[in-house]
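Visitor: Take this structure first; my questions come after.
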Amino acid sequence: MNKNELCRIKITDIGTHGEGIGKIDGYTLFVKNTIPDEEVNVLVVKANKSYGYGKALEIISPSPHRITPPCAAAGKCGGCTIQHIDYTQQLRLKQNRVKQNLIRIGGFENIEVEPIIGMDDPWHYRNKAQYPVTSDKSGIKAGFYSLGSHKVVECDDCLIGSRSNAEILKAIKAFIEDNGLSAYDEKTGKGLVRHILIREGYYTGEIMVCLVVNSSGFRYKKELVSALKSIKSIKSVIVNYNTVKSNVIMGNRCETLWGSDYITDKIGELEFRISALSFFQVNPVQTYRLYSKALEFADLKGNETVIDAYCGIGTISLFLAQRAKKVYGIEIIPDATKNAEENAKLNNIDNAEFLTGKAEDIVPELYNNGIIPDVMVADPPRKGCDKSLLELMLDMKPRKIVYISCDSATLARDLKILCSTGEYNIEKVQPVDMFPMSYHVETVCQLVLRKPVVHVDIDVDVEELVQDKRGLASYEQIKAYVLEHSGFKVSHLYIAQVKRKCGIIERENYNKPKSEDARQPQCPPEKEAAIRAALEHFGMI
Ligand code: SAH
């Protein structure tokens with residue numbers, strides 16, 4: 001195929017951005033705003049060797065699921081890519097997407113996928129909107145980028161955003177014009193106002209407005225506040241400074257001009273503080289449903305150790321902590337872990353601990369220190385879990401693995417690895433529609449260990465161990481000695497193992513495998529030598 005060629009094709013599939021896909025003599029064409037089963041006249045607008053992009057000129061046989069999109073920007077705006085498909089069919093397509101990926105990529109031929117959890121009202125669901133600001137002859141414009149480009153499509157009244165946004169945008173545009181401020185120009189890096197960020201608490205109704213400016217100071221603070229503060233429910237007016245010439249929306253520095261530094265919202269019973277820079281799920285109604293499923297699949301009884309890898313600001317961890325003995329949340333972004341700790345305090349949760357670093361580095365450390373999860377939760381970004389983490393899960397053998405995924409292709413790849421040893425069964429696959437009007441779909445899966453191993457409870461009561469029964473050194477003293485003399489951090493488990501090897505009898509229920517089947521990480525030789533030296537020092541051997 002060549003650019004500017006005209007052709008007639010049948011759409012047979014749907015691509016990752018919701019675009020229709022058709023084939024003509026083995027050549028693949030991606031055509032926006034078309035639906036599977038439609039016959040379409042297409043103009044080829046870009047042609048590569050084996051695939052190209054077309055523009056639908058005429059829909060010859062429209063799908064029965066085709067509707068007139070209610071938003072005037074639909075088809076141009078990159079946000080809602082499938083608004084032209086009725087919602088019931090959107091859900092069917094997403095359900096099928098998950099199933100087909102599990103079959104094609106995962107090889108799970110007979111997998112059952114639960115009916116997708118859709119929204120009763122799939123409009124106005126987003127609690128966050130980020131509008132790029134530009135200008136043309138007619139004045140200041142705010143909207144959204146079109147798909148795959150930074151061309152701003154004007155949209156004052158986004159139908160998936162909050163109903164309050166239109167009034168706020170109007171006030172800010174007037175403020176920009178009244179004060180003669182300029183809009184940022186990405187090409188030149190000149191101009192002041194870059195983005196308008198609006199966040200709204202779903203349950204609390206609290207609103208935050210943040211203006212992102214291309215400057216390290218801002219002279220119109222009073223004017224901005226007076227343009228906004230009469231709008232009902234605004235709790236926070238913030239300016240964010242971003243002078244970096246890149247497409248990263250927010251800079252690192254925020255200044256609160258009026259009201260609070262954050263807004264508060266709830267997921268279930270839990271409260272969260274959301275600042276301008278925090279990550280927070282954008283669809284609060286579906287987030288609650290998703291997390292409830294994750295909790296159901298974790299099947300907690302109250303005495304479990306849980307690891308929540310890729311925990312963000314700890315939302316799932318805190319949800320789980322209400323029903324578990326201990327939750328370890330692991331997250332790569334230090335600010336997010338800080339938020340997670342604050343959120344734990346805010347909700348009086350003291351059995352959740354947050355660790356900063358890569359999940360694939362931190363989970364092995366926990367395991368080496370004798371922390372073996374009964375339930376492992378993973379909610380990785382699009383690219384899925386690190387392979388070494390999946391392999392470690394197979395080693396640790398948690399009774400349940402709850403995998404939450406925003407990309408069913410990488411989910412299928414990872415589940416294939418988790419099922420490769422035959423020890424885990426996929427019990428439940430539950431798609432949840434977090435992003436109506438786009439083709440994204442979230443999936444939560446439950447994997448169950450066929451033959452559970454008896455894990456050893458190493459969570460000893462430190463008080464009881466402060467002084468060893470024989471009047472000799474306590475675990476804490478041994479740990480401290482080892483750290484001081486060899487630089488190693490050693491766990492209670494390792495000390496117990498070495499003590500056992502040296503013939504020092506442990507309490508019956510402590511650190512001893514309860515069955516032949518139980519596995520423990522074994523103390524490495526260099527740590528064993530260091531522990532033996534400590535035992536010798538304290539006269540215990
Ligand atoms: N579970 C959270 C966040 C999920 S998004 C929630 O429901 O809100 C995925 C998170 O994984 C992001 O916060 C991202 O910063 C983090 N992340 C990405 N790579 C990581 C890695 N290698 N180790 C740990 N966290 C990682």
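Residues are named by chain letter and number: chains run A, B, ... in the order of the structure tokens, numbers start at 1 in each chain, and ligands are numbered from 1 in the order shown.
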Which residues of chain A sit at most 8 Å from ligand 1, using only C-alpha atoms and all ligand atoms? Give each one's shortest atom pair and distance in Å (one decimal place), in chain and ascending residue order, as a Markdown table.
Guide:
| residue | atom | partner | partner_atom_place_in_ligand_line | distance |
| --- | --- | --- | --- | --- |
| A:Phe279 | CA | ligand 1 | 8 (O) | 7.1 |
| A:Phe280 | CA | ligand 1 | 8 (O) | 5.9 |
| A:Gln281 | CA | ligand 1 | 8 (O) | 5.6 |
| A:Thr287 | CA | ligand 1 | 7 (O) | 7.9 |
| A:Tyr291 | CA | ligand 1 | 7 (O) | 7.9 |
| A:Asp308 | CA | ligand 1 | 1 (N) | 7.7 |
| A:Ala309 | CA | ligand 1 | 24 (C) | 6.2 |
| A:Tyr310 | CA | ligand 1 | 11 (O) | 3.8 |
| A:Cys311 | CA | ligand 1 | 1 (N) | 4.0 |
| A:Gly312 | CA | ligand 1 | 13 (O) | 3.5 |
| A:Ile313 | CA | ligand 1 | 8 (O) | 6.2 |
| A:Gly314 | CA | ligand 1 | 2 (C) | 6.4 |
| A:Thr315 | CA | ligand 1 | 8 (O) | 5.6 |
| A:Ile316 | CA | ligand 1 | 7 (O) | 5.8 |
| A:Ser317 | CA | ligand 1 | 1 (N) | 7.8 |
| A:Ile330 | CA | ligand 1 | 24 (C) | 5.7 |
| A:Glu331 | CA | ligand 1 | 25 (N) | 3.8 |
| A:Ile332 | CA | ligand 1 | 25 (N) | 4.1 |
| A:Ile333 | CA | ligand 1 | 15 (O) | 5.3 |
| A:Ala336 | CA | ligand 1 | 13 (O) | 6.9 |
| A:Thr356 | CA | ligand 1 | 24 (C) | 7.6 |
| A:Gly357 | CA | ligand 1 | 24 (C) | 5.9 |
| A:Lys358 | CA | ligand 1 | 23 (N) | 3.4 |
| A:Ala359 | CA | ligand 1 | 23 (N) | 3.8 |
| A:Glu360 | CA | ligand 1 | 22 (N) | 6.3 |
| A:Asp361 | CA | ligand 1 | 23 (N) | 7.9 |
| A:Ala378 | CA | ligand 1 | 1 (N) | 7.5 |
| A:Asp379 | CA | ligand 1 | 1 (N) | 5.1 |
| A:Pro380 | CA | ligand 1 | 9 (C) | 4.6 |
| A:Pro381 | CA | ligand 1 | 9 (C) | 4.4 |
| A:Cys385 | CA | ligand 1 | 22 (N) | 7.6 |
| A:Asp386 | CA | ligand 1 | 22 (N) | 7.0 |
Visitor: How would the residues just chosen look if you wrote them out with C-alpha atoms as a PDB file, in the first residue's frame?
Guide:
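New file part_27.pdb:
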ATOM      1  CA  PHE A 279      -0.446   9.502  42.389  1.00  0.00           C
ATOM      2  CA  PHE A 280      -4.034   8.524  43.054  1.00  0.00           C
ATOM      3  CA  GLN A 281      -6.271   6.211  41.055  1.00  0.00           C
ATOM      4  CA  THR A 287     -11.029   1.625  42.329  1.00  0.00           C
ATOM      5  CA  TYR A 291      -9.595  -3.209  45.576  1.00  0.00           C
ATOM      6  CA  ASP A 308       2.203  -5.768  48.224  1.00  0.00           C
ATOM      7  CA  ALA A 309       4.721  -5.149  45.451  1.00  0.00           C
ATOM      8  CA  TYR A 310       4.415  -1.952  43.374  1.00  0.00           C
ATOM      9  CA  CYS A 311       2.298  -0.392  46.114  1.00  0.00           C
ATOM     10  CA  GLY A 312       2.268   3.279  45.012  1.00  0.00           C
ATOM     11  CA  ILE A 313       0.931   5.371  47.894  1.00  0.00           C
ATOM     12  CA  GLY A 314      -0.083   2.229  49.733  1.00  0.00           C
ATOM     13  CA  THR A 315      -3.765   2.223  48.891  1.00  0.00           C
ATOM     14  CA  ILE A 316      -4.046  -1.547  48.372  1.00  0.00           C
ATOM     15  CA  SER A 317      -1.609  -2.269  51.210  1.00  0.00           C
ATOM     16  CA  ILE A 330       7.185  -1.955  48.197  1.00  0.00           C
ATOM     17  CA  GLU A 331       7.454   0.991  45.854  1.00  0.00           C
ATOM     18  CA  ILE A 332      10.225   2.485  43.742  1.00  0.00           C
ATOM     19  CA  ILE A 333       9.300   6.176  44.158  1.00  0.00           C
ATOM     20  CA  ALA A 336       5.041   7.584  47.176  1.00  0.00           C
ATOM     21  CA  THR A 356      11.466   2.053  48.980  1.00  0.00           C
ATOM     22  CA  GLY A 357      13.227   0.348  46.105  1.00  0.00           C
ATOM     23  CA  LYS A 358      12.684  -1.993  43.227  1.00  0.00           C
ATOM     24  CA  ALA A 359      10.346  -4.845  44.093  1.00  0.00           C
ATOM     25  CA  GLU A 360      12.805  -7.237  42.433  1.00  0.00           C
ATOM     26  CA  ASP A 361      15.524  -6.081  44.878  1.00  0.00           C
ATOM     27  CA  ALA A 378       1.530  -7.394  42.681  1.00  0.00           C
ATOM     28  CA  ASP A 379       0.163  -4.376  40.830  1.00  0.00           C
ATOM     29  CA  PRO A 380       2.954  -3.564  38.378  1.00  0.00           C
ATOM     30  CA  PRO A 381       3.027  -0.867  35.702  1.00  0.00           C
ATOM     31  CA  CYS A 385       6.575  -7.858  36.772  1.00  0.00           C
ATOM     32  CA  ASP A 386      10.296  -8.331  36.639  1.00  0.00           C
TER      33      ASP A 386
END
Visitor: Taking 5 positions as the minimum chain separation for residues in the same chain, which residues sit within 12 Å of A:Asp86 when counting only C-alpha atoms? Answer as a PyMOL selection string.
Guide: chain A and resi 35+63-70+91-93+122+436-438
Visitor: Any idea what's packed within 12 Å of A:Ile176, counting only C-alpha atoms, ignoring anything in its chain fewer than 2 positions away? Could you give it as a count of residues only?
Guide: 33
Visitor: Need to verify the contact set: A:Asp433, 8 Å, only C-alpha atoms, exclusion of same-chain residues closer than 2 positions in sequence. Can you return it as a PyMOL selection string?
Guide: chain A and resi 91+116-119+286+431+435-436+440-442
Visitor: Would you give me, as a PyMOL selection string, the residues in stretch 166-247 of chain A that DSSP reads as alpha helix (DSSP H)?
Guide: chain A and resi 166-178+221-228
Visitor: From stretch 172-416 of chain A, collect each residue whose DSSP state is strand (DSSP E) and return the set as a PyMOL selection string.
Guide: chain A and resi 193-200+207-213+234-241+253-259+262-267+270-275+305-309+326-331+352-356+375-378+400-405
Visitor: Kindly indicate which residue among A:His492, A:Ser405, A:Thr88, A:Gln446 lies nearest to A:Asn425, using only C-alpha atoms for the distances.
Guide: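 Ranking A:His492, A:Ser405, A:Thr88, A:Gln446 by distance to A:Asn425, first place goes to A:Gln446.
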Visitor: With distances taken over only C-alpha atoms, which residue among A:Ile234, A:Ile349, A:Ala294, A:Cys445 lies nearest A:Leu102?
Guide: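 Looking only at the distances to A:Leu102, the closest residue turns out to be A:Cys445.
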Visitor: What gap, in Å, lies between atom CA of A:His485 and atom CA of A:Ala533?
Guide: 9.1 Å
Visitor: Which of these, A:Leu159, A:Ile478, A:Val306, A:Leu535, has the shortest distance to A:Lys501 once you count only C-alpha atoms?
Guide: A:Leu535
